[in-house]
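Okay, upload.cif is below, mmCIF, C-alpha atoms:
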```cif
data_data
#
loop_
_atom_site.label_atom_id
_atom_site.label_comp_id
_atom_site.auth_asym_id
_atom_site.auth_seq_id
_atom_site.Cartn_x
_atom_site.Cartn_y
_atom_site.Cartn_z
CA MET A 642 182.06 7.65 -257.65
CA THR A 643 182.42 7.69 -253.87
CA VAL A 644 185.77 8.11 -252.22
CA GLY A 645 186.72 6.19 -249.12
CA THR A 646 183.96 3.54 -249.24
CA ASP A 647 184.49 -0.20 -249.26
CA SER A 648 181.61 -1.23 -251.48
CA PRO A 649 179.28 0.22 -254.16
CA ALA A 650 176.43 0.00 -251.67
CA GLN A 651 178.16 2.65 -249.56
CA ALA A 652 178.53 5.05 -252.47
CA ARG A 653 176.78 8.38 -252.50
CA SER A 654 174.17 8.41 -255.18
CA THR A 655 173.49 12.14 -255.18
CA ALA A 656 176.99 13.62 -254.82
CA PRO A 657 178.68 14.99 -257.97
CA PRO A 658 181.64 12.76 -258.81
CA CYS A 659 185.27 13.80 -258.74
CA ALA A 660 187.03 11.76 -261.35
CA PRO A 661 190.47 10.51 -260.28
CA GLU A 662 193.44 10.66 -262.59
CA PRO A 663 195.37 7.43 -263.33
CA ARG A 664 198.37 6.82 -261.14
CA ASP A 665 200.72 6.31 -264.06
CA ARG A 666 200.11 9.88 -265.23
CA HIS A 667 201.48 11.19 -261.94
CA PRO A 668 204.83 9.80 -260.84
CA GLU A 669 204.42 11.58 -257.51
CA ALA A 670 201.30 9.54 -256.75
CA ALA A 671 203.21 6.60 -255.41
CA PRO A 672 201.45 4.17 -253.10
CA GLY A 673 201.51 5.48 -249.56
CA PRO A 674 201.37 3.67 -246.25
CA ALA A 675 198.65 1.16 -245.60
CA GLY A 676 195.29 2.82 -245.37
CA SER A 677 196.34 6.01 -247.18
CA ALA A 678 195.69 7.22 -250.69
CA GLY A 679 198.17 8.77 -253.11
CA PRO A 680 197.73 12.28 -254.46
CA GLY A 681 196.30 10.88 -257.69
CA GLU A 682 193.30 9.49 -255.83
CA ASN A 683 190.35 11.29 -254.38
CA ALA A 684 190.51 9.51 -251.03
CA GLY A 685 192.29 11.78 -248.58
CA PHE A 686 192.14 11.07 -244.89
CA ALA A 687 190.03 8.32 -243.38
CA GLY A 688 187.62 8.21 -246.30
CA LEU A 689 187.21 11.99 -246.62
CA HIS A 690 184.86 12.82 -249.47
CA PRO A 691 185.14 16.15 -251.34
CA ASP A 692 181.51 16.82 -250.44
CA ASP A 693 182.49 16.73 -246.76
CA LEU A 694 184.46 19.95 -247.22
CA PRO A 695 182.71 23.13 -246.05
CA ASP A 696 184.19 25.19 -248.89
CA GLY A 697 183.78 24.78 -252.59
CA LEU A 698 186.46 22.61 -254.23
CA VAL A 699 187.14 22.61 -257.98
CA ILE A 700 190.07 20.71 -259.50
CA ALA A 701 191.21 20.96 -263.12
CA ASP A 702 193.67 18.52 -264.71
CA GLU A 703 196.76 19.32 -266.77
CA ALA A 704 194.57 19.95 -269.80
CA GLY A 705 192.52 22.53 -267.92
CA ARG A 706 189.36 20.41 -267.69
CA VAL A 707 187.39 20.02 -264.48
CA VAL A 708 187.80 16.64 -262.79
CA CYS A 709 186.29 17.55 -259.42
CA PHE A 710 183.38 19.84 -258.54
CA ASN A 711 182.09 19.20 -255.04
CA ALA A 712 178.67 19.87 -253.55
CA ALA A 713 179.73 23.15 -251.90
CA ALA A 714 181.00 24.43 -255.25
CA SER A 715 177.63 23.56 -256.79
CA ARG A 716 175.82 25.37 -254.01
CA ILE A 717 177.96 28.51 -254.30
CA THR A 718 177.93 28.70 -258.11
CA THR A 719 174.47 27.11 -258.72
CA VAL A 720 176.14 24.93 -261.37
CA PRO A 721 175.34 21.18 -261.10
CA GLY A 722 178.45 19.12 -260.52
CA ASP A 723 177.76 16.60 -263.29
CA ARG A 724 177.42 19.46 -265.79
CA ALA A 725 180.71 21.03 -264.71
CA LEU A 726 182.78 17.83 -264.97
CA GLY A 727 184.80 17.72 -268.19
CA LEU A 728 184.30 21.40 -269.02
CA PRO A 729 187.26 23.74 -269.41
CA LEU A 730 187.95 25.54 -266.14
CA ASP A 731 187.04 28.96 -267.53
CA GLN A 732 183.64 27.65 -268.65
CA ALA A 733 182.82 25.80 -265.45
CA LEU A 734 183.90 28.86 -263.43
CA PRO A 735 183.40 31.96 -265.61
CA LEU A 736 184.89 34.35 -263.08
CA GLU A 737 185.52 38.05 -263.53
CA ASP A 738 187.36 40.54 -261.36
CA LEU A 739 185.71 43.69 -260.05
CA LYS A 740 186.75 45.56 -263.22
CA GLY A 741 184.96 43.07 -265.46
CA ARG A 742 188.08 41.29 -266.74
CA ARG A 743 187.96 37.51 -267.30
CA TRP A 744 189.88 36.03 -264.42
CA TRP A 745 191.38 32.93 -266.01
CA THR A 746 192.54 34.89 -269.05
CA LEU A 747 194.08 37.45 -266.74
CA THR A 748 195.90 34.98 -264.48
CA ASP A 749 196.71 32.28 -267.10
CA PRO A 750 197.40 29.45 -264.59
CA TYR A 751 198.86 27.06 -267.19
CA GLY A 752 201.18 29.67 -268.70
CA GLY A 753 203.14 32.62 -267.45
CA LEU A 754 205.91 32.37 -264.90
CA ALA A 755 206.78 28.81 -263.97
CA ILE A 756 207.60 29.77 -260.38
CA ARG A 757 204.02 30.74 -259.54
CA ARG A 758 202.36 28.59 -256.89
CA GLY A 759 198.83 29.95 -257.06
CA GLN A 760 196.61 32.95 -256.42
CA PRO A 761 195.78 34.42 -253.00
CA GLU A 762 192.16 34.72 -251.95
CA ARG A 763 190.31 37.61 -253.52
CA ASN A 764 186.82 38.82 -254.25
CA LEU A 765 185.58 37.82 -257.73
CA LEU A 766 182.26 37.86 -259.54
CA LEU A 767 180.19 34.99 -260.88
CA PRO A 768 177.68 35.49 -263.71
CA GLY A 769 174.90 37.77 -262.53
CA GLY A 770 177.28 39.79 -260.35
CA ARG A 771 177.27 37.43 -257.35
CA GLU A 772 180.43 37.79 -255.27
CA VAL A 773 182.58 34.86 -254.22
CA LEU A 774 185.95 34.51 -252.49
CA VAL A 775 188.38 32.53 -254.66
CA SER A 776 191.90 31.20 -254.11
CA ALA A 777 193.88 28.81 -256.30
CA THR A 778 196.88 26.52 -255.97
CA TYR A 779 198.98 25.37 -258.90
CA VAL A 780 200.25 21.79 -258.45
CA ARG A 781 203.52 20.96 -260.24
CA GLU A 782 205.64 17.81 -260.25
CA ARG A 783 208.74 19.94 -259.73
CA PRO A 784 209.16 23.59 -258.73
CA THR A 785 209.37 24.97 -262.27
CA GLY A 786 207.60 22.16 -264.09
CA PRO A 787 204.29 22.40 -265.95
CA VAL A 788 201.07 22.73 -264.01
CA ARG A 789 199.50 19.31 -263.55
CA ARG A 790 196.46 20.42 -261.54
CA VAL A 791 194.78 23.66 -260.58
CA VAL A 792 193.00 23.42 -257.23
CA VAL A 793 190.43 26.16 -256.64
CA SER A 794 188.77 26.97 -253.32
CA LEU A 795 185.46 28.86 -253.25
CA ARG A 796 183.83 30.56 -250.28
CA GLY A 797 180.73 32.65 -249.95
CA THR A 798 180.98 36.25 -248.80
CA GLU A 799 178.34 36.01 -246.05
CA ALA A 800 180.86 35.88 -243.18
CA ARG A 801 182.78 38.85 -244.56
CA ARG A 802 179.54 40.78 -245.00
CA ARG A 803 178.60 40.09 -241.39
CA THR A 804 181.99 41.38 -240.25
CA GLU A 805 181.62 44.49 -242.38
CA ARG A 806 178.14 45.11 -240.97
CA SER A 807 179.48 44.66 -237.44
CA HIS A 808 182.23 47.20 -238.09
CA ALA A 809 179.77 49.62 -239.65
CA GLU A 810 177.45 49.24 -236.67
CA LEU A 811 180.36 49.83 -234.29
CA ILE A 812 181.32 53.04 -236.10
CA ALA A 813 177.72 54.26 -236.15
CA THR A 814 177.25 53.50 -232.44
CA VAL A 815 180.44 55.23 -231.39
CA ALA A 816 179.75 58.23 -233.62
CA HIS A 817 176.30 58.55 -232.04
CA GLU A 818 177.68 58.25 -228.50
CA LEU A 819 180.44 60.79 -229.19
CA ARG A 820 178.16 63.38 -230.75
CA SER A 821 176.31 64.28 -227.54
CA PRO A 822 179.32 64.93 -225.24
CA LEU A 823 181.27 66.65 -228.00
CA THR A 824 178.32 68.97 -228.66
CA SER A 825 178.17 69.78 -224.96
CA VAL A 826 181.92 70.39 -224.69
CA LYS A 827 181.92 72.61 -227.77
CA GLY A 828 178.87 74.57 -226.61
CA PHE A 829 180.11 75.28 -223.09
CA THR A 830 183.67 76.16 -224.14
CA ALA A 831 182.42 78.50 -226.87
CA THR A 832 180.06 80.15 -224.36
CA LEU A 833 182.79 80.59 -221.77
CA LEU A 834 185.28 81.97 -224.29
CA GLY A 835 182.78 84.42 -225.74
CA LYS A 836 181.07 85.61 -222.53
CA TRP A 837 183.51 84.82 -219.74
CA GLU A 838 183.00 88.05 -217.82
CA ARG A 839 179.20 87.70 -217.79
CA PHE A 840 179.17 84.59 -215.59
CA SER A 841 179.71 84.25 -211.89
CA ASP A 842 182.39 81.96 -210.51
CA GLU A 843 179.74 79.43 -209.52
CA GLN A 844 178.29 79.37 -213.06
CA LYS A 845 181.77 78.98 -214.55
CA ARG A 846 182.52 76.11 -212.18
CA LEU A 847 179.27 74.35 -213.11
CA MET A 848 179.98 74.62 -216.84
CA LEU A 849 183.58 73.47 -216.44
CA GLU A 850 182.46 70.49 -214.34
CA THR A 851 180.04 69.55 -217.13
CA VAL A 852 182.83 69.86 -219.70
CA ASP A 853 185.08 67.71 -217.51
CA ALA A 854 182.39 65.01 -217.14
CA ASP A 855 181.72 64.94 -220.89
CA ALA A 856 185.45 64.80 -221.65
CA GLY A 857 185.69 61.81 -219.29
CA ARG A 858 182.85 60.13 -221.15
CA ILE A 859 184.66 60.64 -224.47
CA LYS A 860 187.85 59.23 -222.94
CA ARG A 861 185.98 56.11 -221.79
CA LEU A 862 184.47 55.59 -225.25
CA ILE A 863 187.89 55.80 -226.88
CA ALA A 864 189.27 53.36 -224.30
CA GLU A 865 186.42 50.96 -225.12
CA LEU A 866 187.28 51.14 -228.82
CA LEU A 867 190.94 50.39 -228.12
CA ASP A 868 190.00 47.49 -225.86
CA ILE A 869 187.69 46.01 -228.50
CA SER A 870 190.48 46.24 -231.08
CA ARG A 871 192.93 44.49 -228.76
CA ILE A 872 190.42 41.82 -227.74
CA ASP A 873 189.51 41.03 -231.35
CA SER A 874 193.18 40.78 -232.36
CA GLY A 875 194.24 38.84 -229.25
CA ARG A 876 196.64 41.63 -228.18
CA LEU A 877 195.05 42.64 -224.88
CA GLU A 878 197.95 42.91 -222.43
CA VAL A 879 197.64 42.03 -218.75
CA ARG A 880 200.15 43.63 -216.38
CA ARG A 881 199.88 41.57 -213.22
CA GLN A 882 200.28 43.16 -209.81
CA PRO A 883 198.96 42.26 -206.35
CA VAL A 884 195.29 43.29 -206.24
CA ASP A 885 193.16 43.80 -203.13
CA ILE A 886 189.81 42.87 -204.65
CA ALA A 887 187.87 43.84 -201.51
CA ALA A 888 189.38 47.35 -201.50
CA ALA A 889 188.66 47.70 -205.24
CA ILE A 890 184.99 46.81 -204.67
CA GLY A 891 184.83 49.33 -201.83
CA ARG A 892 186.10 52.09 -204.10
CA HIS A 893 183.47 51.36 -206.75
CA VAL A 894 180.65 51.26 -204.20
CA GLN A 895 181.83 54.61 -202.85
CA VAL A 896 181.73 56.10 -206.35
CA HIS A 897 178.07 55.15 -206.67
CA THR A 898 177.11 56.37 -203.20
CA THR A 899 178.92 59.65 -203.81
CA GLY A 900 176.99 59.94 -207.07
CA GLY A 901 173.66 59.79 -205.24
CA GLN A 902 172.95 56.09 -204.67
CA SER A 903 171.90 55.08 -201.17
CA PRO A 904 174.58 53.15 -199.24
CA ASP A 905 171.83 50.72 -198.24
CA ARG A 906 171.51 49.65 -201.83
CA PHE A 907 174.84 47.81 -201.72
CA PHE A 908 175.65 44.69 -199.72
CA VAL A 909 179.24 43.41 -199.83
CA ARG A 910 180.19 40.00 -198.45
CA ILE A 911 183.86 38.96 -198.35
CA ARG A 912 184.42 35.29 -197.56
CA PRO A 913 187.49 34.36 -195.50
CA GLY A 914 190.47 32.53 -196.94
CA LEU A 915 190.88 34.54 -200.15
CA PRO A 916 194.13 33.69 -201.96
CA ASP A 917 196.50 36.45 -203.05
CA LEU A 918 195.35 37.71 -206.44
CA TRP A 919 197.77 38.85 -209.12
CA ALA A 920 195.96 40.72 -211.88
CA ASP A 921 195.93 43.98 -213.81
CA PRO A 922 194.47 46.57 -211.39
CA ASP A 923 193.14 48.79 -214.16
CA LYS A 924 191.45 45.83 -215.86
CA ILE A 925 189.91 44.68 -212.56
CA ASP A 926 188.52 48.18 -212.08
CA GLN A 927 187.11 47.97 -215.59
CA ILE A 928 185.36 44.67 -214.85
CA LEU A 929 183.91 45.85 -211.53
CA GLY A 930 182.92 49.23 -212.93
CA ASN A 931 180.96 47.69 -215.80
CA LEU A 932 179.22 45.04 -213.67
CA LEU A 933 178.20 47.46 -210.91
CA GLU A 934 177.08 50.09 -213.41
CA ASN A 935 175.03 47.42 -215.17
CA ALA A 936 173.41 46.33 -211.87
CA VAL A 937 172.64 49.90 -210.77
CA ARG A 938 171.36 51.13 -214.11
CA HIS A 939 169.38 48.10 -215.29
CA GLY A 940 168.62 46.30 -212.03
CA GLU A 941 166.55 47.13 -208.97
CA GLY A 942 166.71 46.68 -205.21
CA THR A 943 169.86 45.65 -203.38
CA VAL A 944 173.04 45.05 -205.36
CA THR A 945 174.95 42.19 -203.74
CA ILE A 946 178.68 41.74 -204.32
CA GLU A 947 180.19 38.56 -202.92
CA VAL A 948 183.85 37.53 -203.04
CA ALA A 949 184.91 33.98 -202.20
CA PRO A 950 187.83 31.61 -202.79
CA ALA A 951 187.33 29.24 -205.71
CA ARG A 952 189.00 26.78 -208.01
CA ALA A 953 189.81 28.10 -211.48
CA GLY A 954 190.36 26.02 -214.59
CA ASP A 955 190.49 22.30 -215.24
CA ASP A 956 193.67 21.92 -213.18
CA GLY A 957 191.96 23.16 -210.02
CA GLU A 958 194.22 26.20 -209.61
CA GLN A 959 193.36 28.52 -206.73
CA GLY A 960 191.26 31.49 -207.74
CA THR A 961 188.93 34.25 -206.65
CA GLU A 962 185.21 34.21 -207.42
CA VAL A 963 183.24 37.46 -207.59
CA THR A 964 179.45 37.50 -207.91
CA VAL A 965 177.40 40.62 -208.66
CA SER A 966 173.60 40.28 -208.48
CA ASP A 967 170.59 42.54 -208.21
CA GLU A 968 166.86 42.21 -207.53
CA GLY A 969 165.54 43.52 -210.83
CA PRO A 970 163.55 41.70 -213.50
CA GLY A 971 166.64 39.80 -214.63
CA ILE A 972 167.64 38.79 -218.14
CA PRO A 973 165.19 36.81 -220.28
CA GLU A 974 166.24 33.20 -220.81
CA GLU A 975 166.32 33.62 -224.58
CA SER A 976 168.80 36.51 -224.25
CA MET A 977 171.31 34.75 -221.97
CA SER A 978 173.44 33.53 -224.88
CA ARG A 979 173.75 37.06 -226.31
CA VAL A 980 174.64 38.99 -223.17
CA PHE A 981 178.39 39.06 -223.90
CA THR A 982 178.08 39.93 -227.59
CA ARG A 983 178.62 43.36 -229.06
CA PHE A 984 175.79 45.88 -228.84
CA TRP A 985 173.60 43.75 -226.58
CA ARG A 986 171.46 45.99 -224.38
CA GLY A 987 169.27 44.70 -221.59
CA SER A 988 167.07 47.78 -221.68
CA LYS A 989 166.73 51.17 -223.33
CA ARG A 990 168.43 52.98 -220.46
CA GLY A 991 171.45 54.13 -222.42
CA GLY A 992 174.88 52.60 -222.90
CA THR A 993 176.80 51.49 -225.98
CA GLY A 994 176.17 47.76 -225.53
CA LEU A 995 179.94 47.17 -225.51
CA GLY A 996 180.66 46.95 -221.77
CA LEU A 997 179.87 43.28 -221.17
CA TYR A 998 181.66 42.28 -224.38
CA ILE A 999 184.77 44.00 -223.03
CA VAL A 1000 184.30 42.47 -219.56
CA LYS A 1001 184.29 38.97 -221.03
CA GLY A 1002 187.42 39.71 -223.08
CA VAL A 1003 189.26 41.12 -220.06
CA VAL A 1004 188.31 38.19 -217.81
CA GLU A 1005 189.44 35.68 -220.43
CA ALA A 1006 192.69 37.60 -220.96
CA HIS A 1007 193.40 36.85 -217.28
CA GLY A 1008 192.70 33.16 -217.89
CA GLY A 1009 189.37 33.35 -216.10
CA THR A 1010 185.74 32.64 -216.93
CA ILE A 1011 182.52 34.62 -216.62
CA THR A 1012 178.90 33.45 -216.63
CA VAL A 1013 175.48 35.04 -216.37
CA GLY A 1014 172.34 33.65 -214.80
CA ARG A 1015 169.41 34.45 -212.56
CA GLY A 1016 170.15 35.53 -208.99
CA PRO A 1017 168.50 34.10 -205.88
CA ARG A 1018 166.05 37.03 -205.83
CA GLY A 1019 165.22 36.96 -209.51
CA GLY A 1020 167.60 39.59 -210.84
CA ALA A 1021 170.63 39.20 -213.08
CA GLU A 1022 173.67 37.50 -211.59
CA PHE A 1023 177.15 37.79 -213.08
CA ARG A 1024 179.89 35.53 -211.72
CA PHE A 1025 183.52 35.64 -212.78
CA ILE A 1026 186.43 33.55 -211.54
CA LEU A 1027 190.03 34.69 -211.85
CA PRO A 1028 192.99 32.36 -211.26
CA VAL A 1029 195.58 33.53 -208.73
CA GLY A 1030 197.86 34.34 -211.68
CA THR A 1031 201.11 34.49 -209.69
CA PRO A 1032 203.93 35.60 -212.01
CA ALA A 1033 206.35 32.81 -212.90
CA HIS A 1034 209.37 34.52 -211.24
CA LEU A 1035 207.58 34.37 -207.87
CA LEU A 1036 206.69 30.68 -208.01
#
```
Would you encode the structure as structure tokens?
Amino acid sequence: MTVGTDSPAQARSTAPPCAPEPRDRHPEAAPGPAGSAGPGENAGFAGLHPDDLPDGLVIADEAGRVVCFNAAASRITTVPGDRALGLPLDQALPLEDLKGRRWWTLTDPYGGLAIRRGQPERNLLLPGGREVLVSATYVRERPTGPVRRVVVSLRGTEARRRTERSHAELIATVAHELRSPLTSVKGFTATLLGKWERFSDEQKRLMLETVDADAGRIKRLIAELLDISRIDSGRLEVRRQPVDIAAAIGRHVQVHTTGGQSPDRFFVRIRPGLPDLWADPDKIDQILGNLLENAVRHGEGTVTIEVAPARAGDDGEQGTEVTVSDEGPGIPEESMSRVFTRFWRGSKRGGTGLGLYIVKGVVEAHGGTITVGRGPRGGAEFRFILPVGTPAHLL
């Protein structure tokens, strides 16, 4: 049977049916407005078919027998829909919990407390040990009445596995990056504590400067972890203040030249007419620091930083556009879509692969956008646009 079609010719011949229950068995299934279907029918919204759902859907009637088993449920359980229809729920879905207990016997949906409304999503096992995420809703005519239907949702565990792998990879990457500076800090401090009087002041200064640099590296890694957590949870805070973007760029260029880069390697162009920018100064430093470090480390030739007025967003709000480009080999076309994902590395020249992911999150937290492409001289070109972001009390 096909739901939401006007003629048998429109019916789906291959989809497992979901048998509707008669209206007179469900007083709540009163006729709805024109064009809508009552709860006792399979038609939902605008001809929605159960097979259109991305998750598995299994419905059992008041007698505990399966009346609906959609295509996604068949795919997840490998049980054909026509074989499942009419079977008791515990036979069509022989689920067990992680301790090997039969799930339907354990939860007893048709018995037990009459105030229960269902079961939250949890990890259960199908025959053969395959894992599946299952949640259930108990449909009653009145709050404490008998269960008239049990609606079960099934989802595969692939997405959860991917998330777990991503977290495991994050932990492994950070642990690897922390090991080197921590080893250095521990080695130098132990040496200084044990043989302080044997070293000259110059040697002591050199070792302490190394310890300080490695401690700074550890601090940055921890800050990256905190930023990733806040970005993923949508809790990244932006404390807006007036920001002189040109001065901020000058500071970052000076850091690189002080660190040994030639001043001729940087070309800064500031276009006239820049609007006042209200942003989080620390976050702007984080964006610029990552983009310039990326251009210096992975690019070649002159690093060009250009700042110009722009329009940000669909409403045409005033904004500031910053472009950072280099003259290196650039980013392969097939890698463009992965540049802002976790752990993407353009080369093997070090780094955690988290910087550009954080940059994108910080730019978007300001309401801006960031893109990557190929620069006029063939290298990588990153362009981000930030809206003016004037606080509401100053408008």
Legend entry - Residue IDs satisfying the PyMOL selection byres ((chain A and resi 899-910) around 12), as an MDAnalysis selection string: chainID A and resid 886:898 911:913 933:934 936:938 940:949 962:968
Inset, instruction - Pull out every residue that the PyMOL selection byres ((chain A and resi 704) around 10) matches in the shown coordinates and put them as an NGL selection string. - result: :A and (701-703 or 705-707 or 729-730 or 751 or 788-791)
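Under the PyMOL selection byres ((chain A and resi 1030) around 8), the matching residues in the shown file are Arg881, Leu918, Trp919, Ala920, His1007, Leu1027, Pro1028, Val1029, Thr1031 and Pro1032 of chain A.
Using all atoms listed in the file for every distance, the candidate list A:Pro695, A:Gly1008, A:Pro916, A:Pro950 yields A:Pro695 as the residue closest to Arg796 (chain A).
Closest approach to Pro735 (chain A) among A:Pro768, A:Pro822, A:Gly1019, A:Gly914: A:Pro768, based on all atoms listed in the file.
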Inset, instruction - Mind checking which residues fall within 12 Å of Thr798 (chain A), counting all atoms listed in the file, ignoring those fewer than 3 positions away in the same chain, and posting them as a list in words? - result: Asp696, Ile717, Glu762, Arg763, Asn764, Leu765, Leu766, Arg771, Glu772, Val773, Leu774, Val775, Leu795, Arg801, Arg802, Arg803, Thr804 and Glu805 of chain A
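One finds CA of Val1013 (chain A) at 26.1 Å from CA of Arg880 (chain A).
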Just the residues within 9 Å of Thr1012 (chain A), please, counting all atoms listed in the file, with nothing from its chain fewer than 2 positions along; format it as an mmCIF file with C-alpha atoms, in the frame of the given file.
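The resulting file, around_19.cif, is reproduced below:
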```
data_model
loop_
_atom_site.group_PDB
_atom_site.id
_atom_site.type_symbol
_atom_site.label_atom_id
_atom_site.label_comp_id
_atom_site.auth_asym_id
_atom_site.auth_seq_id
_atom_site.Cartn_x
_atom_site.Cartn_y
_atom_site.Cartn_z
ATOM 1 C CA LYS A 1001 184.290 38.970 -221.030
ATOM 2 C CA THR A 1010 185.740 32.640 -216.930
ATOM 3 C CA GLY A 1014 172.340 33.650 -214.800
ATOM 4 C CA GLU A 1022 173.670 37.500 -211.590
ATOM 5 C CA PHE A 1023 177.150 37.790 -213.080
ATOM 6 C CA ARG A 1024 179.890 35.530 -211.720
ATOM 7 C CA PHE A 1025 183.520 35.640 -212.780
#
```
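Between Ala714 (chain A) and the residues A:Gly786, A:Gly770, A:Gly969, A:Gly697, the shortest atom-to-atom distance, using all atoms listed in the file, involves A:Gly697.
Using all atoms listed in the file, the nearest neighbour of Lys924 (chain A) within the list A:Leu728, A:Val1004, A:Gln760, A:Glu799 is A:Val1004.
Here CA of Thr785 (chain A) and CA of Leu726 (chain A) stand 27.7 Å from one another.
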Saved region 751-765 of chain A from the preceding structure, N, CA, C and O atoms, as a short mmCIF file (atom, residue, chain, number, x, y, z; two decimals), in the first residue's frame:
```cif
data_model
loop_
_atom_site.label_atom_id
_atom_site.label_comp_id
_atom_site.auth_asym_id
_atom_site.auth_seq_id
_atom_site.Cartn_x
_atom_site.Cartn_y
_atom_site.Cartn_z
N TYR A 751 3.93 -2.78 26.98
CA TYR A 751 2.47 -2.86 27.13
C TYR A 751 2.04 -3.07 28.57
O TYR A 751 0.84 -3.10 28.86
N GLY A 752 3.00 -3.24 29.47
CA GLY A 752 2.68 -3.41 30.88
C GLY A 752 3.43 -2.37 31.70
O GLY A 752 3.84 -1.32 31.20
N GLY A 753 3.64 -2.67 32.94
CA GLY A 753 4.40 -1.75 33.79
C GLY A 753 3.62 -0.48 34.11
O GLY A 753 2.39 -0.44 34.03
N LEU A 754 4.35 0.55 34.46
CA LEU A 754 3.73 1.81 34.87
C LEU A 754 2.97 2.43 33.71
O LEU A 754 3.49 2.55 32.60
N ALA A 755 1.75 2.88 34.00
CA ALA A 755 0.90 3.45 32.96
C ALA A 755 1.27 4.89 32.63
O ALA A 755 0.68 5.48 31.71
N ILE A 756 2.20 5.47 33.37
CA ILE A 756 2.58 6.86 33.10
C ILE A 756 3.78 6.95 32.16
O ILE A 756 4.20 8.04 31.78
N ARG A 757 4.33 5.80 31.78
CA ARG A 757 5.50 5.82 30.90
C ARG A 757 5.11 6.31 29.51
O ARG A 757 4.06 5.94 28.98
N ARG A 758 6.00 7.09 28.90
CA ARG A 758 5.73 7.63 27.58
C ARG A 758 6.66 7.07 26.51
O ARG A 758 6.50 7.36 25.34
N GLY A 759 7.64 6.27 26.93
CA GLY A 759 8.54 5.68 25.96
C GLY A 759 9.89 5.36 26.55
O GLY A 759 10.06 5.33 27.78
N GLN A 760 10.86 5.15 25.68
CA GLN A 760 12.23 4.85 26.08
C GLN A 760 13.18 5.80 25.36
O GLN A 760 13.07 5.98 24.14
N PRO A 761 14.12 6.41 26.08
CA PRO A 761 15.09 7.29 25.41
C PRO A 761 16.03 6.49 24.54
O PRO A 761 16.16 5.26 24.69
N GLU A 762 16.69 7.18 23.63
CA GLU A 762 17.60 6.49 22.71
C GLU A 762 18.77 5.86 23.46
O GLU A 762 19.35 6.48 24.34
N ARG A 763 19.05 4.61 23.09
CA ARG A 763 20.18 3.91 23.68
C ARG A 763 20.76 2.92 22.69
O ARG A 763 20.13 2.59 21.68
N ASN A 764 21.93 2.43 23.02
CA ASN A 764 22.65 1.51 22.15
C ASN A 764 22.21 0.08 22.47
O ASN A 764 22.37 -0.39 23.61
N LEU A 765 21.65 -0.62 21.48
CA LEU A 765 21.20 -2.00 21.66
C LEU A 765 21.83 -2.88 20.58
O LEU A 765 22.46 -2.38 19.64
#
```
